[in-house]
Structure formats: C-alpha cells, structure tokens
$ cat data_39.csv   # CSV, C-alpha atoms
chain,number,residue,atom,x,y,z
M,535,MET,CA,-8.7,-32.8,0.3
M,536,ALA,CA,-5.7,-30.7,-0.7
M,537,LEU,CA,-5.9,-28.1,-3.4
M,538,SER,CA,-3.4,-27.8,-6.1
M,539,ILE,CA,-1.6,-24.4,-6.4
M,540,GLU,CA,-3.5,-23.6,-9.6
M,541,GLU,CA,-6.9,-24.4,-7.9
M,542,ALA,CA,-6.0,-22.3,-4.9
M,543,ARG,CA,-5.0,-19.4,-7.2
M,544,ARG,CA,-8.2,-19.7,-9.1
M,545,LEU,CA,-10.3,-19.6,-5.9
M,546,ALA,CA,-8.4,-16.7,-4.6
M,547,LEU,CA,-8.8,-14.7,-7.7
M,548,ASP,CA,-12.5,-15.5,-7.9
M,549,ASP,CA,-13.4,-13.1,-5.1
M,550,ASP,CA,-14.8,-10.0,-6.8
M,551,LEU,CA,-14.8,-8.2,-3.4
M,552,SER,CA,-11.1,-7.5,-3.8
M,553,ALA,CA,-11.2,-6.2,-7.4
M,554,HIS,CA,-11.1,-2.6,-8.4
M,555,PRO,CA,-12.3,-1.1,-11.7
M,556,ARG,CA,-9.4,-0.3,-14.1
M,557,GLY,CA,-8.2,3.2,-13.5
M,558,GLN,CA,-8.5,2.9,-9.8
M,559,ILE,CA,-5.9,4.2,-7.4
M,560,VAL,CA,-5.5,2.2,-4.1
M,561,VAL,CA,-3.7,3.7,-1.1
M,562,ILE,CA,-2.8,1.1,1.5
M,563,GLY,CA,-1.6,2.2,4.9
M,564,CYS,CA,0.4,-0.5,6.8
M,565,GLY,CA,1.4,-0.7,10.4
M,566,SER,CA,0.2,-1.3,13.9
M,567,LEU,CA,-2.0,1.3,15.6
M,568,LEU,CA,-0.7,0.0,18.9
M,569,ARG,CA,3.0,0.8,18.3
M,570,GLY,CA,3.6,4.6,18.2
M,571,ASP,CA,5.2,5.6,14.9
M,572,ASP,CA,4.5,2.2,13.3
M,573,ALA,CA,0.9,3.5,12.9
M,574,VAL,CA,1.9,6.1,10.3
M,575,GLY,CA,0.4,4.2,7.4
M,576,PRO,CA,-3.1,3.6,8.9
M,577,ILE,CA,-3.2,7.1,10.4
M,578,LEU,CA,-2.3,8.6,7.0
M,579,VAL,CA,-5.2,6.6,5.4
M,580,ARG,CA,-7.6,8.0,8.1
M,581,HIS,CA,-6.3,11.5,7.5
M,582,LEU,CA,-6.9,11.2,3.7
M,583,TRP,CA,-10.4,9.8,4.4
M,584,GLU,CA,-11.3,12.7,6.6
M,585,ALA,CA,-9.9,15.2,4.0
M,586,GLY,CA,-11.8,13.5,1.2
M,587,VAL,CA,-10.4,11.8,-1.9
M,588,PRO,CA,-11.4,11.6,-5.6
M,589,ASP,CA,-13.9,9.0,-6.6
M,590,ASP,CA,-11.3,6.8,-8.2
M,591,VAL,CA,-9.2,6.5,-5.0
M,592,THR,CA,-9.8,3.7,-2.6
M,593,LEU,CA,-8.3,3.9,0.9
M,594,VAL,CA,-7.3,0.7,2.7
M,595,ASP,CA,-6.1,0.3,6.3
M,596,GLY,CA,-3.7,-2.6,5.7
M,597,GLY,CA,-2.8,-2.9,9.3
M,598,THR,CA,-0.3,-5.7,9.9
M,599,ALA,CA,-2.0,-8.2,7.6
M,600,GLY,CA,0.5,-8.5,4.7
M,601,MET,CA,-1.4,-11.2,2.8
M,602,ASP,CA,-4.5,-8.9,2.5
M,603,VAL,CA,-2.3,-6.3,0.7
M,604,ALA,CA,-1.9,-8.6,-2.3
M,605,PHE,CA,-5.6,-9.0,-2.7
M,606,LYS,CA,-6.3,-5.3,-2.3
M,607,MET,CA,-4.1,-4.6,-5.3
M,608,LYS,CA,-6.1,-6.7,-7.6
M,609,GLY,CA,-7.2,-4.8,-10.7
M,610,ALA,CA,-5.9,-1.4,-9.6
M,611,ARG,CA,-4.1,0.8,-12.0
M,612,GLN,CA,-1.9,2.4,-9.3
M,613,VAL,CA,-1.1,1.3,-5.8
M,614,VAL,CA,0.5,3.4,-3.1
M,615,ILE,CA,1.7,1.7,0.1
M,616,VAL,CA,2.7,3.7,3.1
M,617,ASP,CA,4.5,2.2,6.1
M,618,ALA,CA,7.1,2.9,8.7
M,619,ALA,CA,10.8,2.3,8.3
M,620,ASP,CA,13.5,1.8,10.9
M,621,THR,CA,16.9,2.2,9.1
M,622,GLY,CA,18.6,4.4,11.7
M,623,ALA,CA,18.2,7.5,9.6
M,624,GLU,CA,16.8,10.8,10.9
M,625,PRO,CA,13.2,10.3,12.2
M,626,GLY,CA,10.7,11.8,9.7
M,627,THR,CA,12.9,11.0,6.7
M,628,ILE,CA,10.7,9.9,3.8
M,629,TYR,CA,11.7,7.3,1.3
M,630,ARG,CA,9.8,7.0,-2.1
M,631,VAL,CA,10.6,3.6,-3.6
M,632,PRO,CA,9.2,2.2,-6.9
M,633,GLY,CA,7.5,-1.1,-6.2
M,634,GLN,CA,9.5,-2.9,-8.8
M,635,GLU,CA,12.6,-2.4,-6.7
M,636,LEU,CA,11.0,-4.3,-3.8
M,637,GLU,CA,8.8,-7.0,-5.4
M,638,ASP,CA,11.6,-9.6,-5.6
M,639,LEU,CA,12.5,-9.1,-2.0
M,640,PRO,CA,12.3,-11.0,0.4
M,641,ALA,CA,11.9,-14.6,-0.5
M,642,VAL,CA,8.6,-16.1,0.5
M,643,ASP,CA,9.7,-19.8,0.6
M,644,GLY,CA,9.2,-21.3,4.0
M,645,LEU,CA,7.6,-18.1,5.3
M,646,HIS,CA,5.1,-18.5,8.1
M,647,MET,CA,1.8,-16.7,7.5
M,648,HIS,CA,2.3,-14.5,10.6
M,649,GLN,CA,5.6,-13.2,9.1
M,650,PHE,CA,4.0,-12.2,5.8
M,651,ARG,CA,4.4,-8.4,5.3
M,652,TRP,CA,3.4,-6.0,2.5
M,653,ASP,CA,6.9,-6.5,0.9
M,654,HIS,CA,6.1,-10.2,0.6
M,655,ALA,CA,2.7,-9.3,-0.8
M,656,LEU,CA,4.4,-7.6,-3.8
M,657,ALA,CA,6.2,-10.7,-4.8
M,658,PHE,CA,3.2,-12.9,-4.0
M,659,GLY,CA,0.8,-10.5,-5.8
M,660,ARG,CA,2.8,-10.5,-9.0
M,661,TRP,CA,2.5,-14.3,-9.1
M,662,LEU,CA,-1.1,-14.5,-7.9
M,663,LEU,CA,-2.7,-11.7,-9.8
M,664,GLY,CA,-1.0,-12.1,-13.1
M,665,ASP,CA,-2.5,-9.6,-15.6
M,666,GLU,CA,-4.5,-7.9,-12.7
M,667,TYR,CA,-1.3,-6.9,-10.9
M,668,PRO,CA,-0.9,-3.1,-11.0
M,669,ASP,CA,1.6,-1.6,-13.4
M,670,ASP,CA,2.3,1.3,-11.1
M,671,ILE,CA,3.3,0.7,-7.4
M,672,THR,CA,5.0,3.2,-5.2
M,673,VAL,CA,6.0,2.7,-1.6
M,674,PHE,CA,6.5,5.5,0.9
M,675,LEU,CA,8.4,4.6,4.0
M,676,ASN,CA,8.5,7.1,6.9
M,677,GLU,CA,11.5,6.8,9.2
M,678,ILE,CA,10.3,6.2,12.8
M,679,GLU,CA,11.4,7.5,16.1
M,680,SER,CA,9.5,5.4,18.6
M,681,THR,CA,7.4,2.3,18.7
M,682,GLU,CA,6.3,2.8,22.3
M,683,PRO,CA,3.1,0.8,22.9
M,684,GLY,CA,0.0,3.1,23.0
M,685,ALA,CA,2.0,6.2,22.0
M,686,ALA,CA,0.8,8.7,19.4
M,687,LEU,CA,2.9,9.6,16.4
M,688,THR,CA,6.0,11.6,17.3
M,689,ASP,CA,6.1,15.2,16.0
M,690,ARG,CA,8.6,14.5,13.2
M,691,VAL,CA,6.8,11.4,12.0
M,692,GLU,CA,3.5,13.1,12.0
M,693,ALA,CA,5.0,16.0,10.0
M,694,SER,CA,6.4,13.5,7.4
M,695,MET,CA,3.0,11.8,7.2
M,696,HIS,CA,1.4,15.2,6.3
M,697,GLN,CA,4.1,15.7,3.7
M,698,VAL,CA,3.2,12.4,2.1
M,699,ALA,CA,-0.5,13.1,2.3
M,700,ALA,CA,0.0,16.5,0.6
M,701,LEU,CA,2.2,14.9,-2.1
M,702,LEU,CA,-0.5,12.4,-2.9
M,703,GLN,CA,-3.3,15.0,-2.8
M,704,GLY,CA,-1.2,17.2,-5.2
M,705,GLU,CA,-0.7,14.3,-7.6
M,706,TRP,CA,-4.5,13.6,-7.6
M,707,THR,CA,-5.2,17.3,-8.2
M,708,ALA,CA,-2.7,17.4,-11.1
M,709,VAL,CA,-4.3,14.3,-12.7
M,710,VAL,CA,-7.8,15.8,-12.5
M,711,GLY,CA,-6.5,19.1,-14.0
M,712,ASP,CA,-4.9,17.2,-16.9
M,713,GLU,CA,-8.1,15.3,-17.6
M,714,ALA,CA,-10.1,18.6,-17.5
M,715,ALA,CA,-7.6,20.2,-20.0
M,716,VAL,CA,-8.0,17.2,-22.4
M,717,ALA,CA,-11.7,17.4,-22.1
M,718,ASP,CA,-11.6,21.2,-22.9
M,719,GLU,CA,-9.5,20.5,-26.0
M,720,ALA,CA,-12.0,18.0,-27.3
$ encode --input "data_39.csv" --output "structure tokens"
Amino acid sequence: MALSIEEARRLALDDDLSAHPRGQIVVIGCGSLLRGDDAVGPILVRHLWEAGVPDDVTLVDGGTAGMDVAFKMKGARQVVIVDAADTGAEPGTIYRVPGQELEDLPAVDGLHMHQFRWDHALAFGRWLLGDEYPDDITVFLNEIESTEPGAALTDRVEASMHQVAALLQGEWTAVVGDEAAVADEA
C-alpha cells in the first residue's frame, strides 16, 4: 500500500523523539569522520559537548545523513549547522551564511536518498515541518584543506573550528547575561 504525500508527512511529524521544546537551540555538525577536514562539524559538536553547553542547547552529530537534519530541526527556535566547504578559498576560512539564503537550493526533485545533504534538508524541512520549522538558522562552513581518509583535522581547519566554537559559546553567554539582566530588572 502506497502512502499519499500528506499521510507520509503526518507520520513523519508524529515522531516526538525529534521534537525540541520551544526556545531550544540545536547545533548540528555535519561531515564524515573518515575524511580528514570533512569531519569539522562532528568534531566541533564533540568539542562543545566536552566543554559543556547550556541546558537549552542540544548537540547533534549529523554525520552524512542529510535527511536526519530535517527531523532534528523540528520545533527548535534556533538551528546552527556546521560543515566543511571546498570552494578553493584559503583553508580555515569561515563562512557564516543565513539559512534563508540556502533553503531554496538545491532542487530536491529526482534526488536519490544517498545524495540528500543538509542543504537539501533545509528546503525539505521547510515543507515538512511547516510551523515547527525554525525561524533562525545559521550555517557555518569551514574551508577545508584535505579530505585524506583517516587523517585528523589540519591545523588551519582545527583553528577555524575553535573560532566557531568560541563564537557560539560567546553568543550563549551573552543570551544568558541578557536574561539575567531582565530578571534583575523585574
């Protein structure tokens, strides 16, 4: 028996395991741990986990499963996606891109499931999640130097990863400070 698109959407959204309480920040690190600098996203997530994050932050190792990214965004207030980029720029260059600039790219028509990446998940997620699609999505792309199988992050990419981690931690600290100031005024 084949499901209609609306039936499939309803079943996909019925899974409460992927939902986050409103106000939640979700950081998703994408990439392959087996391909050198391509692992920058998952390694950043592990680094943040080891350092500790505020209670309203959820860390997700998105690996290379793009479809899962759409479901991990469900109900989040803010989503941060971290991945590798290979544009030919200087290794370690960091790009901060608003999610709205990427969610219409690329087309998902005729796409094979094994080709589905996080950028596809943005377009798919907007359609699938409807009102539970996050209002605030930011993508950090770190320019890579090497995808040698089994290699560690190169020095420049590791340094850029730490810059992104510090930026995120600084933003969380600023938000907590703002909330404390509002509470003191009340």
$ closest_residue --input "data_39.csv" --among "M:Leu675, M:Val591, M:Leu656, M:Ile562" --to "M:Val691" --atoms "only C-alpha atoms"
M:Leu675
$ atom_distance --input "data_39.csv" --atom1 "atom CA of M:Thr621" --atom2 "atom CA of M:Ser680"
12.5 Å
$ closest_residue --input "data_39.csv" --among "M:Glu584, M:Asp602, M:Asp590, M:Glu679" --to "M:Asp572" --atoms "all atoms listed in the file"
M:Glu679
$ residues_around --input "data_39.csv" --residues "M:Leu593" --least-positions-apart "2" --cutoff "9 Å" --atoms "only C-alpha atoms" --output "list of chain:residue names"
M:Ile559, M:Val560, M:Val561, M:Ile562, M:Gly563, M:Val579, M:Arg580, M:Leu582, M:Trp583, M:Val587, M:Val591, M:Asp595
$ closest_residue --input "data_39.csv" --among "M:Gly659, M:Ala573, M:Arg690, M:Cys564" --to "M:Pro625" --atoms "only C-alpha atoms"
M:Arg690
$ closest_residue --input "data_39.csv" --among "M:Leu578, M:Ala693, M:Ile678, M:Ala585" --to "M:Ala623" --atoms "all atoms listed in the file"
M:Ile678
$ atom_distance --input "data_39.csv" --atom1 "atom CA of M:Glu635" --atom2 "atom CA of M:Phe674"
12.5 Å
$ closest_residue --input "data_39.csv" --among "M:Val603, M:Val631, M:Leu568, M:Ala657" --to "M:Ala619" --atoms "only C-alpha atoms"
M:Val631
$ atom_distance --input "data_39.csv" --atom1 "atom CA of M:Glu692" --atom2 "atom CA of M:Val574"
7.4 Å
$ closest_residue --input "data_39.csv" --among "M:Gly684, M:Lys608, M:Gly575, M:Pro588" --to "M:Gly704" --atoms "all atoms listed in the file"
M:Pro588
